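**Q** Before I ask anything, let me first share the structure, which is written out below as structure tokens.
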Amino acid sequence: MRHYLILRISAKLLIPLILLFAFYVQFHGDYGPGGGFQAGVIFAVAFILYSLVFGVESTLNIISFDMLRILSALGLLLYIGVGIAALLLGSNFLDYNVLATEPVSGQHIGIMLIELGVGITVAAVMLLIFILFAGLGRPS
Amino acid sequence: MIDFKLFIDFILLTFILVLAIAIARLDDLFSAVILTGIFSLLTACLYLTMDAVDVAFTEAAVGGGIATILLISAVALTTSKQQPSNRSCIPACCIVLLAAITLIYGIFDITPFGTGNSPVHQYLADRYVLQSPTEIGIPNMVTSILASYRGYDTLGEVTVIFTAGIAVLMLLGGRESSDTKQGNANKDT
């Protein structure tokens with residue numbers, strides 16, 4: 001990779017911007033186009049760009065394969081956890097009105113939490129599938 | 001004075017048609033995958049002309065980004081040239097032609113694009129659009145429908161993505177275990 005200097009430097013410049021954009025899309029899904037799915041995909045794309053330029057092993061040094069497996073389940077667990085929290089607070093499954101004292105605030109909290117869960121799962125699963133296709137997913 | 005939107009739609013659809021024919025006729029799978037990425041990008045532009053910004057965003061990110069890179073990895077894992085087949089394509093062409101004629105015949109029954117009395121704008125959509133600012137209070141109505149009114153469906157979507165990850169993990173993730181089993185067997189003997 002020593003020869004591909006331009007590729008390495010432009011990747012190093014672009015990857016933080018891509019990650020920042022992913023966080024922006026995730027947390028501004030309420031106010032503009034975006035949300036969990038798009039943000040998760042863009043987050044995974046940053047890591048995929050890193051692994052295309054610097055190798056998949058260096059990506060696995062940054063985030064281990066076990067962590068990816070845990071994260072992909074964690075997002076879905078967060079989503080279902082919000083639903084069960086609504087159940088425990090006395091209302092229906094996934095009824096966000098009871099999550100706060102005011103229904104509108106409860107809706108905001110509920111939407112933010114489930115979009116976070118969606119983003120985490122989508123990012124982890126996309127990166128997982130890419131690393132498995134690249135041939136390096138082995139159970140440790 | 002030409003209608004600018006019609007002109008843009010015409011150009012986009014012509015490109016999509018040409019791309020579809022090219023993808024079907026190509027033997028080199030790598031080029032076909034790249035053309036599929038361009039196809040997704042043009043479809044995202046088409047969604048943009050219909051004012052569906054969230055859908056265009058998702059199509060561009062997923063179709064033009066992730067799907068292209070995953071298909072390229074799949075081509076790298078398997079072969080890069082389509083195997084030639086010597087089956088006749090006449091039955092398939094007849095079925096596709098029949099389906100196309102049926103669809104075009106059905107188009108004349110659909111209300112024109114954007115009119116207020118189409119069935120899509122009648123029952124629930126009115127209630128969501130009118131009640132969402134007071135009940136949920138976020139500006140993006142797509143997110144309010146996706147995450148709150150239809151939150152259960154979104155739960156199903158995330159479960160599908162998680163299941164896809166598990167499926168690929170089961171298919172491609174266990175290759176090292178057979179080697180370690182062989183190594184342990186050799187160590188025991």
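FYI, nothing fancy with the structure tokens labels: chains A, B, ... in order, residues from 1 per chain, ligands from 1 as they appear.
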Residues of chain A were defined as contacting chain B if any atom lay at most 7 Å from it, counting only C-alpha atoms; please report them as a PDB file with N, CA and C atoms, in the first residue's frame.
**A**
```
ATOM      1  N   GLY A  29     -32.566  12.698  12.134  1.00  0.00           N
ATOM      2  CA  GLY A  29     -33.616  12.047  11.383  1.00  0.00           C
ATOM      3  C   GLY A  29     -34.985  12.598  11.691  1.00  0.00           C
ATOM      4  N   ASP A  30     -35.095  13.290  12.844  1.00  0.00           N
ATOM      5  CA  ASP A  30     -36.377  13.897  13.174  1.00  0.00           C
ATOM      6  C   ASP A  30     -36.644  15.145  12.357  1.00  0.00           C
ATOM      7  N   TYR A  31     -35.597  15.822  11.944  1.00  0.00           N
ATOM      8  CA  TYR A  31     -35.759  17.157  11.378  1.00  0.00           C
ATOM      9  C   TYR A  31     -35.483  17.205   9.894  1.00  0.00           C
ATOM     10  N   GLY A  32     -34.870  16.201   9.332  1.00  0.00           N
ATOM     11  CA  GLY A  32     -34.574  16.199   7.917  1.00  0.00           C
ATOM     12  C   GLY A  32     -34.636  14.776   7.426  1.00  0.00           C
ATOM     13  N   PRO A  33     -34.340  14.539   6.163  1.00  0.00           N
ATOM     14  CA  PRO A  33     -34.324  13.157   5.695  1.00  0.00           C
ATOM     15  C   PRO A  33     -33.235  12.367   6.392  1.00  0.00           C
ATOM     16  N   GLY A  34     -33.529  11.148   6.694  1.00  0.00           N
ATOM     17  CA  GLY A  34     -32.524  10.332   7.354  1.00  0.00           C
ATOM     18  C   GLY A  34     -33.167   9.412   8.351  1.00  0.00           C
ATOM     19  N   GLN A  38     -30.363   4.733   7.050  1.00  0.00           N
ATOM     20  CA  GLN A  38     -29.369   5.432   6.254  1.00  0.00           C
ATOM     21  C   GLN A  38     -28.095   5.674   7.056  1.00  0.00           C
ATOM     22  N   VAL A  41     -25.975   2.512   7.424  1.00  0.00           N
ATOM     23  CA  VAL A  41     -25.284   2.161   6.189  1.00  0.00           C
ATOM     24  C   VAL A  41     -24.072   3.059   5.981  1.00  0.00           C
ATOM     25  N   ILE A  42     -24.240   4.374   6.219  1.00  0.00           N
ATOM     26  CA  ILE A  42     -23.123   5.303   6.004  1.00  0.00           C
ATOM     27  C   ILE A  42     -22.006   5.034   7.005  1.00  0.00           C
ATOM     28  N   SER A  72     -24.619  -6.186  16.780  1.00  0.00           N
ATOM     29  CA  SER A  72     -25.750  -6.404  15.890  1.00  0.00           C
ATOM     30  C   SER A  72     -26.963  -6.878  16.666  1.00  0.00           C
ATOM     31  N   LEU A  76     -31.074  -4.463  18.148  1.00  0.00           N
ATOM     32  CA  LEU A  76     -32.409  -5.058  18.149  1.00  0.00           C
ATOM     33  C   LEU A  76     -32.932  -5.183  19.572  1.00  0.00           C
ATOM     34  N   VAL A 104     -45.840  13.977  24.161  1.00  0.00           N
ATOM     35  CA  VAL A 104     -44.989  14.400  23.036  1.00  0.00           C
ATOM     36  C   VAL A 104     -43.516  14.149  23.365  1.00  0.00           C
ATOM     37  N   GLN A 107     -42.848  10.546  22.972  1.00  0.00           N
ATOM     38  CA  GLN A 107     -42.662  10.188  21.566  1.00  0.00           C
ATOM     39  C   GLN A 107     -41.247  10.514  21.106  1.00  0.00           C
ATOM     40  N   ILE A 111     -38.734   7.634  19.807  1.00  0.00           N
ATOM     41  CA  ILE A 111     -38.247   7.636  18.429  1.00  0.00           C
ATOM     42  C   ILE A 111     -36.725   7.686  18.409  1.00  0.00           C
ATOM     43  N   VAL A 118     -31.913   0.886  15.609  1.00  0.00           N
ATOM     44  CA  VAL A 118     -31.865   0.527  14.194  1.00  0.00           C
ATOM     45  C   VAL A 118     -30.489   0.834  13.612  1.00  0.00           C
ATOM     46  N   THR A 121     -27.776  -1.743  14.803  1.00  0.00           N
ATOM     47  CA  THR A 121     -27.900  -3.062  14.170  1.00  0.00           C
ATOM     48  C   THR A 121     -27.512  -3.018  12.711  1.00  0.00           C
ATOM     49  N   VAL A 122     -27.992  -1.996  11.970  1.00  0.00           N
ATOM     50  CA  VAL A 122     -27.713  -1.948  10.540  1.00  0.00           C
ATOM     51  C   VAL A 122     -26.216  -1.792  10.293  1.00  0.00           C
ATOM     52  N   VAL A 125     -24.409  -5.116  11.168  1.00  0.00           N
ATOM     53  CA  VAL A 125     -24.684  -6.221  10.248  1.00  0.00           C
ATOM     54  C   VAL A 125     -24.029  -5.974   8.896  1.00  0.00           C
ATOM     55  N   LEU A 128     -20.406  -6.676   9.312  1.00  0.00           N
ATOM     56  CA  LEU A 128     -20.252  -8.118   9.512  1.00  0.00           C
ATOM     57  C   LEU A 128     -20.297  -8.870   8.192  1.00  0.00           C
ATOM     58  N   ILE A 129     -21.300  -8.533   7.361  1.00  0.00           N
ATOM     59  CA  ILE A 129     -21.453  -9.235   6.087  1.00  0.00           C
ATOM     60  C   ILE A 129     -20.260  -8.955   5.189  1.00  0.00           C
ATOM     61  N   PHE A 130     -19.768  -7.707   5.193  1.00  0.00           N
ATOM     62  CA  PHE A 130     -18.629  -7.395   4.346  1.00  0.00           C
ATOM     63  C   PHE A 130     -17.394  -8.170   4.788  1.00  0.00           C
ATOM     64  N   LEU A 132     -17.271 -10.980   6.425  1.00  0.00           N
ATOM     65  CA  LEU A 132     -17.440 -12.398   6.123  1.00  0.00           C
ATOM     66  C   LEU A 132     -17.214 -12.673   4.651  1.00  0.00           C
ATOM     67  N   PHE A 133     -17.705 -11.778   3.778  1.00  0.00           N
ATOM     68  CA  PHE A 133     -17.455 -11.980   2.354  1.00  0.00           C
ATOM     69  C   PHE A 133     -15.982 -11.859   2.042  1.00  0.00           C
ATOM     70  N   ALA A 134     -15.254 -10.990   2.785  1.00  0.00           N
ATOM     71  CA  ALA A 134     -13.827 -10.853   2.535  1.00  0.00           C
ATOM     72  C   ALA A 134     -13.042 -12.038   3.054  1.00  0.00           C
ATOM     73  N   GLY A 137     -14.020 -13.948   8.662  1.00  0.00           N
ATOM     74  CA  GLY A 137     -14.818 -14.089   9.858  1.00  0.00           C
ATOM     75  C   GLY A 137     -14.626 -15.473  10.446  1.00  0.00           C
ATOM     76  N   ARG A 138     -13.816 -15.582  11.457  1.00  0.00           N
ATOM     77  CA  ARG A 138     -13.667 -16.891  12.045  1.00  0.00           C
ATOM     78  C   ARG A 138     -14.043 -16.827  13.520  1.00  0.00           C
ATOM     79  N   PRO A 139     -14.705 -17.871  14.017  1.00  0.00           N
ATOM     80  CA  PRO A 139     -15.052 -17.860  15.434  1.00  0.00           C
ATOM     81  C   PRO A 139     -13.809 -18.026  16.281  1.00  0.00           C
TER      82      PRO A 139
END
```
**Q** Enumerate the residues of segment 55-129 of chain B with a DSSP assignment of alpha helix (DSSP H), computed from the backbone, and present them as a PDB file with N, CA, C and O atoms, in the first residue's frame.
**A**
```pdb
ATOM      1  N   VAL B  55     -36.672   8.077   0.784  1.00  0.00           N
ATOM      2  CA  VAL B  55     -36.521   6.866  -0.019  1.00  0.00           C
ATOM      3  C   VAL B  55     -35.316   7.003  -0.949  1.00  0.00           C
ATOM      4  O   VAL B  55     -34.538   6.054  -1.122  1.00  0.00           O
ATOM      5  N   ALA B  56     -35.143   8.200  -1.539  1.00  0.00           N
ATOM      6  CA  ALA B  56     -34.002   8.414  -2.437  1.00  0.00           C
ATOM      7  C   ALA B  56     -32.685   8.285  -1.682  1.00  0.00           C
ATOM      8  O   ALA B  56     -31.725   7.691  -2.174  1.00  0.00           O
ATOM      9  N   PHE B  57     -32.645   8.823  -0.459  1.00  0.00           N
ATOM     10  CA  PHE B  57     -31.468   8.733   0.396  1.00  0.00           C
ATOM     11  C   PHE B  57     -31.118   7.262   0.664  1.00  0.00           C
ATOM     12  O   PHE B  57     -29.981   6.813   0.471  1.00  0.00           O
ATOM     13  N   THR B  58     -32.131   6.498   1.082  1.00  0.00           N
ATOM     14  CA  THR B  58     -31.880   5.096   1.391  1.00  0.00           C
ATOM     15  C   THR B  58     -31.471   4.322   0.150  1.00  0.00           C
ATOM     16  O   THR B  58     -30.556   3.488   0.199  1.00  0.00           O
ATOM     17  N   ALA B  67     -24.840  -2.387  -1.544  1.00  0.00           N
ATOM     18  CA  ALA B  67     -25.157  -3.527  -2.406  1.00  0.00           C
ATOM     19  C   ALA B  67     -24.079  -3.715  -3.455  1.00  0.00           C
ATOM     20  O   ALA B  67     -23.705  -4.857  -3.782  1.00  0.00           O
ATOM     21  N   THR B  68     -23.551  -2.608  -3.989  1.00  0.00           N
ATOM     22  CA  THR B  68     -22.499  -2.733  -4.997  1.00  0.00           C
ATOM     23  C   THR B  68     -21.263  -3.385  -4.413  1.00  0.00           C
ATOM     24  O   THR B  68     -20.679  -4.307  -5.005  1.00  0.00           O
ATOM     25  N   ILE B  69     -20.839  -2.942  -3.201  1.00  0.00           N
ATOM     26  CA  ILE B  69     -19.609  -3.500  -2.644  1.00  0.00           C
ATOM     27  C   ILE B  69     -19.800  -4.951  -2.241  1.00  0.00           C
ATOM     28  O   ILE B  69     -18.898  -5.787  -2.418  1.00  0.00           O
ATOM     29  N   LEU B  70     -21.025  -5.304  -1.754  1.00  0.00           N
ATOM     30  CA  LEU B  70     -21.249  -6.703  -1.385  1.00  0.00           C
ATOM     31  C   LEU B  70     -21.308  -7.595  -2.618  1.00  0.00           C
ATOM     32  O   LEU B  70     -20.817  -8.731  -2.612  1.00  0.00           O
ATOM     33  N   LEU B  71     -21.902  -7.075  -3.717  1.00  0.00           N
ATOM     34  CA  LEU B  71     -21.939  -7.867  -4.943  1.00  0.00           C
ATOM     35  C   LEU B  71     -20.536  -8.050  -5.519  1.00  0.00           C
ATOM     36  O   LEU B  71     -20.208  -9.108  -6.055  1.00  0.00           O
ATOM     37  N   ILE B  72     -19.687  -6.993  -5.404  1.00  0.00           N
ATOM     38  CA  ILE B  72     -18.315  -7.127  -5.893  1.00  0.00           C
ATOM     39  C   ILE B  72     -17.566  -8.171  -5.076  1.00  0.00           C
ATOM     40  O   ILE B  72     -16.804  -8.987  -5.617  1.00  0.00           O
ATOM     41  N   SER B  73     -17.801  -8.175  -3.742  1.00  0.00           N
ATOM     42  CA  SER B  73     -17.155  -9.214  -2.920  1.00  0.00           C
ATOM     43  C   SER B  73     -17.652 -10.593  -3.305  1.00  0.00           C
ATOM     44  O   SER B  73     -16.883 -11.555  -3.327  1.00  0.00           O
ATOM     45  N   ALA B  74     -18.965 -10.697  -3.619  1.00  0.00           N
ATOM     46  CA  ALA B  74     -19.504 -11.996  -4.021  1.00  0.00           C
ATOM     47  C   ALA B  74     -18.894 -12.444  -5.342  1.00  0.00           C
ATOM     48  O   ALA B  74     -18.561 -13.621  -5.521  1.00  0.00           O
ATOM     49  N   VAL B  75     -18.707 -11.510  -6.281  1.00  0.00           N
ATOM     50  CA  VAL B  75     -18.083 -11.864  -7.556  1.00  0.00           C
ATOM     51  C   VAL B  75     -16.638 -12.296  -7.326  1.00  0.00           C
ATOM     52  O   VAL B  75     -16.138 -13.225  -7.954  1.00  0.00           O
ATOM     53  N   ALA B  76     -15.961 -11.629  -6.363  1.00  0.00           N
ATOM     54  CA  ALA B  76     -14.588 -12.029  -6.055  1.00  0.00           C
ATOM     55  C   ALA B  76     -14.540 -13.410  -5.420  1.00  0.00           C
ATOM     56  O   ALA B  76     -13.575 -14.138  -5.587  1.00  0.00           O
ATOM     57  N   LEU B  77     -15.616 -13.776  -4.678  1.00  0.00           N
ATOM     58  CA  LEU B  77     -15.635 -15.088  -4.041  1.00  0.00           C
ATOM     59  C   LEU B  77     -15.934 -16.192  -5.045  1.00  0.00           C
ATOM     60  O   LEU B  77     -15.486 -17.318  -4.878  1.00  0.00           O
ATOM     61  N   ILE B  90     -36.980 -18.371 -25.772  1.00  0.00           N
ATOM     62  CA  ILE B  90     -38.294 -17.992 -26.290  1.00  0.00           C
ATOM     63  C   ILE B  90     -39.387 -18.100 -25.230  1.00  0.00           C
ATOM     64  O   ILE B  90     -40.191 -17.177 -25.093  1.00  0.00           O
ATOM     65  N   PRO B  91     -39.495 -19.206 -24.441  1.00  0.00           N
ATOM     66  CA  PRO B  91     -40.560 -19.247 -23.415  1.00  0.00           C
ATOM     67  C   PRO B  91     -40.462 -18.106 -22.409  1.00  0.00           C
ATOM     68  O   PRO B  91     -41.479 -17.481 -22.064  1.00  0.00           O
ATOM     69  N   ALA B  92     -39.232 -17.788 -21.984  1.00  0.00           N
ATOM     70  CA  ALA B  92     -39.065 -16.704 -21.015  1.00  0.00           C
ATOM     71  C   ALA B  92     -39.491 -15.375 -21.612  1.00  0.00           C
ATOM     72  O   ALA B  92     -40.147 -14.555 -20.950  1.00  0.00           O
ATOM     73  N   CYS B  93     -39.126 -15.139 -22.889  1.00  0.00           N
ATOM     74  CA  CYS B  93     -39.509 -13.888 -23.537  1.00  0.00           C
ATOM     75  C   CYS B  93     -41.020 -13.783 -23.636  1.00  0.00           C
ATOM     76  O   CYS B  93     -41.590 -12.696 -23.429  1.00  0.00           O
ATOM     77  N   CYS B  94     -41.710 -14.895 -23.937  1.00  0.00           N
ATOM     78  CA  CYS B  94     -43.173 -14.854 -24.047  1.00  0.00           C
ATOM     79  C   CYS B  94     -43.791 -14.498 -22.711  1.00  0.00           C
ATOM     80  O   CYS B  94     -44.716 -13.671 -22.640  1.00  0.00           O
ATOM     81  N   ILE B  95     -43.292 -15.115 -21.607  1.00  0.00           N
ATOM     82  CA  ILE B  95     -43.874 -14.846 -20.298  1.00  0.00           C
ATOM     83  C   ILE B  95     -43.653 -13.393 -19.908  1.00  0.00           C
ATOM     84  O   ILE B  95     -44.554 -12.724 -19.387  1.00  0.00           O
ATOM     85  N   VAL B  96     -42.442 -12.860 -20.161  1.00  0.00           N
ATOM     86  CA  VAL B  96     -42.152 -11.472 -19.805  1.00  0.00           C
ATOM     87  C   VAL B  96     -43.026 -10.522 -20.602  1.00  0.00           C
ATOM     88  O   VAL B  96     -43.554  -9.538 -20.083  1.00  0.00           O
ATOM     89  N   LEU B  97     -43.225 -10.835 -21.900  1.00  0.00           N
ATOM     90  CA  LEU B  97     -44.073  -9.989 -22.749  1.00  0.00           C
ATOM     91  C   LEU B  97     -45.498  -9.991 -22.244  1.00  0.00           C
ATOM     92  O   LEU B  97     -46.179  -8.947 -22.183  1.00  0.00           O
ATOM     93  N   LEU B  98     -45.998 -11.183 -21.838  1.00  0.00           N
ATOM     94  CA  LEU B  98     -47.356 -11.293 -21.312  1.00  0.00           C
ATOM     95  C   LEU B  98     -47.511 -10.458 -20.048  1.00  0.00           C
ATOM     96  O   LEU B  98     -48.490  -9.711 -19.887  1.00  0.00           O
ATOM     97  N   ALA B  99     -46.522 -10.550 -19.139  1.00  0.00           N
ATOM     98  CA  ALA B  99     -46.573  -9.769 -17.900  1.00  0.00           C
ATOM     99  C   ALA B  99     -46.535  -8.285 -18.194  1.00  0.00           C
ATOM    100  O   ALA B  99     -47.260  -7.489 -17.572  1.00  0.00           O
ATOM    101  N   ALA B 100     -45.717  -7.869 -19.172  1.00  0.00           N
ATOM    102  CA  ALA B 100     -45.611  -6.439 -19.505  1.00  0.00           C
ATOM    103  C   ALA B 100     -46.932  -5.927 -20.056  1.00  0.00           C
ATOM    104  O   ALA B 100     -47.383  -4.833 -19.695  1.00  0.00           O
ATOM    105  N   ILE B 101     -47.573  -6.719 -20.945  1.00  0.00           N
ATOM    106  CA  ILE B 101     -48.841  -6.272 -21.523  1.00  0.00           C
ATOM    107  C   ILE B 101     -49.904  -6.149 -20.428  1.00  0.00           C
ATOM    108  O   ILE B 101     -50.678  -5.187 -20.401  1.00  0.00           O
ATOM    109  N   THR B 102     -49.928  -7.115 -19.485  1.00  0.00           N
ATOM    110  CA  THR B 102     -50.893  -7.044 -18.390  1.00  0.00           C
ATOM    111  C   THR B 102     -50.675  -5.808 -17.536  1.00  0.00           C
ATOM    112  O   THR B 102     -51.628  -5.117 -17.171  1.00  0.00           O
ATOM    113  N   LEU B 103     -49.398  -5.507 -17.226  1.00  0.00           N
ATOM    114  CA  LEU B 103     -49.108  -4.339 -16.390  1.00  0.00           C
ATOM    115  C   LEU B 103     -49.492  -3.050 -17.104  1.00  0.00           C
ATOM    116  O   LEU B 103     -50.077  -2.145 -16.500  1.00  0.00           O
ATOM    117  N   ILE B 104     -49.182  -2.953 -18.398  1.00  0.00           N
ATOM    118  CA  ILE B 104     -49.491  -1.719 -19.123  1.00  0.00           C
ATOM    119  C   ILE B 104     -51.001  -1.549 -19.229  1.00  0.00           C
ATOM    120  O   ILE B 104     -51.531  -0.436 -19.131  1.00  0.00           O
ATOM    121  N   TYR B 105     -51.729  -2.673 -19.379  1.00  0.00           N
ATOM    122  CA  TYR B 105     -53.188  -2.594 -19.408  1.00  0.00           C
ATOM    123  C   TYR B 105     -53.727  -2.122 -18.067  1.00  0.00           C
ATOM    124  O   TYR B 105     -54.729  -1.387 -18.006  1.00  0.00           O
ATOM    125  N   GLY B 106     -53.055  -2.523 -16.969  1.00  0.00           N
ATOM    126  CA  GLY B 106     -53.520  -2.125 -15.653  1.00  0.00           C
ATOM    127  C   GLY B 106     -53.216  -0.672 -15.329  1.00  0.00           C
ATOM    128  O   GLY B 106     -53.856  -0.068 -14.472  1.00  0.00           O
ATOM    129  N   ILE B 107     -52.214  -0.078 -16.014  1.00  0.00           N
ATOM    130  CA  ILE B 107     -51.823   1.302 -15.721  1.00  0.00           C
ATOM    131  C   ILE B 107     -52.969   2.256 -16.007  1.00  0.00           C
ATOM    132  O   ILE B 107     -53.133   3.270 -15.323  1.00  0.00           O
ATOM    133  N   TYR B 123     -57.515   6.926   3.350  1.00  0.00           N
ATOM    134  CA  TYR B 123     -57.950   6.493   4.667  1.00  0.00           C
ATOM    135  C   TYR B 123     -57.040   6.912   5.790  1.00  0.00           C
ATOM    136  O   TYR B 123     -57.315   7.814   6.547  1.00  0.00           O
ATOM    137  N   LEU B 124     -55.885   6.231   5.910  1.00  0.00           N
ATOM    138  CA  LEU B 124     -55.044   6.501   7.069  1.00  0.00           C
ATOM    139  C   LEU B 124     -54.098   7.670   6.840  1.00  0.00           C
ATOM    140  O   LEU B 124     -53.716   8.340   7.794  1.00  0.00           O
ATOM    141  N   ALA B 125     -53.714   7.914   5.593  1.00  0.00           N
ATOM    142  CA  ALA B 125     -52.683   8.920   5.319  1.00  0.00           C
ATOM    143  C   ALA B 125     -53.142  10.295   5.782  1.00  0.00           C
ATOM    144  O   ALA B 125     -52.358  11.068   6.332  1.00  0.00           O
ATOM    145  N   ASP B 126     -54.455  10.603   5.595  1.00  0.00           N
ATOM    146  CA  ASP B 126     -54.983  11.876   6.064  1.00  0.00           C
ATOM    147  C   ASP B 126     -54.831  12.023   7.567  1.00  0.00           C
ATOM    148  O   ASP B 126     -54.421  13.066   8.072  1.00  0.00           O
ATOM    149  N   ARG B 127     -55.162  10.943   8.284  1.00  0.00           N
ATOM    150  CA  ARG B 127     -55.093  11.003   9.738  1.00  0.00           C
ATOM    151  C   ARG B 127     -53.657  11.206  10.198  1.00  0.00           C
ATOM    152  O   ARG B 127     -53.394  12.001  11.106  1.00  0.00           O
ATOM    153  N   TYR B 128     -52.690  10.500   9.556  1.00  0.00           N
ATOM    154  CA  TYR B 128     -51.301  10.658   9.955  1.00  0.00           C
ATOM    155  C   TYR B 128     -50.823  12.077   9.699  1.00  0.00           C
ATOM    156  O   TYR B 128     -50.221  12.714  10.544  1.00  0.00           O
ATOM    157  N   VAL B 129     -51.133  12.600   8.494  1.00  0.00           N
ATOM    158  CA  VAL B 129     -50.613  13.920   8.126  1.00  0.00           C
ATOM    159  C   VAL B 129     -51.225  15.001   9.008  1.00  0.00           C
ATOM    160  O   VAL B 129     -50.552  15.952   9.409  1.00  0.00           O
TER     161      VAL B 129
END
```
**Q** Got a sec: who's within 8 Å of segment 15-28 of chain B, counting only C-alpha atoms, leaving out chain neighbours fewer than 2 positions off, as a PDB file with C-alpha atoms, in the first residue's frame?
**A**
```
ATOM      1  CA  ILE B  11     -34.070  11.098 -19.728  1.00  0.00           C
ATOM      2  CA  LEU B  12     -33.804   9.170 -16.444  1.00  0.00           C
ATOM      3  CA  LEU B  13     -36.154   6.420 -17.601  1.00  0.00           C
ATOM      4  CA  PHE B  30     -17.931  -7.322 -12.643  1.00  0.00           C
ATOM      5  CA  SER B  31     -19.161  -4.816 -15.224  1.00  0.00           C
ATOM      6  CA  ALA B  32     -22.730  -5.937 -14.573  1.00  0.00           C
ATOM      7  CA  LEU B  35     -23.874  -1.047 -13.896  1.00  0.00           C
ATOM      8  CA  THR B  36     -26.255  -2.217 -11.155  1.00  0.00           C
ATOM      9  CA  PHE B  39     -28.940   1.734 -11.949  1.00  0.00           C
ATOM     10  CA  LEU B  42     -30.551   6.677 -11.320  1.00  0.00           C
ATOM     11  CA  THR B  43     -33.487   5.145  -9.460  1.00  0.00           C
ATOM     12  CA  SER B  80     -16.254 -13.274 -12.738  1.00  0.00           C
ATOM     13  CA  LYS B  81     -17.727 -14.588 -15.959  1.00  0.00           C
ATOM     14  CA  GLN B  82     -21.231 -15.782 -16.527  1.00  0.00           C
ATOM     15  CA  GLN B  83     -21.395 -19.353 -17.729  1.00  0.00           C
TER      16      GLN B  83
END
```
**Q** Which is closer to Gly36 of chain A than all the others in A:Leu127, A:Leu87, A:Ala73, A:Leu113, using only C-alpha atoms?
**A**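 Checking each candidate against Gly36 of chain A, we get A:Leu113 as the closest.
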**Q** Could you state the separation of atom CA of Ala44 of chain B and atom CA of Ile8 of chain B in Å, given to one decimal place?
**A** 13.2 Å
**Q** I'd like the neighbourhood of Leu19 of chain A as a PyMOL selection string, where a residue qualifies if any of its atoms comes within 8 Å (using only C-alpha atoms), though same-chain residues fewer than 2 positions away should be ignored.
**A** chain A and resi 15-17+21-23+42-43+46
**Q** Could you state the separation of atom CA of Gly75 of chain A and atom CA of Ile120 of chain A in Å, given to one decimal place?
**A**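 Pair atom CA of Gly75 of chain A / atom CA of Ile120 of chain A returns 5.1 Å.
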**Q** Could you work out how far atom CA of Leu52 of chain A lies from atom CA of Tyr4 of chain A, giving the answer in Å with one decimal?
**A**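 One can read the atom CA of Tyr4 of chain A to atom CA of Leu52 of chain A distance as 11.8 Å.
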**Q** Please provide the set of residues having any atom within 9 Å of Val56 of chain A, restricted to only C-alpha atoms, with same-chain residues fewer than 6 positions apart removed, written as an MDAnalysis selection string.
**A** chainID A and resid 48 50 131 134 136
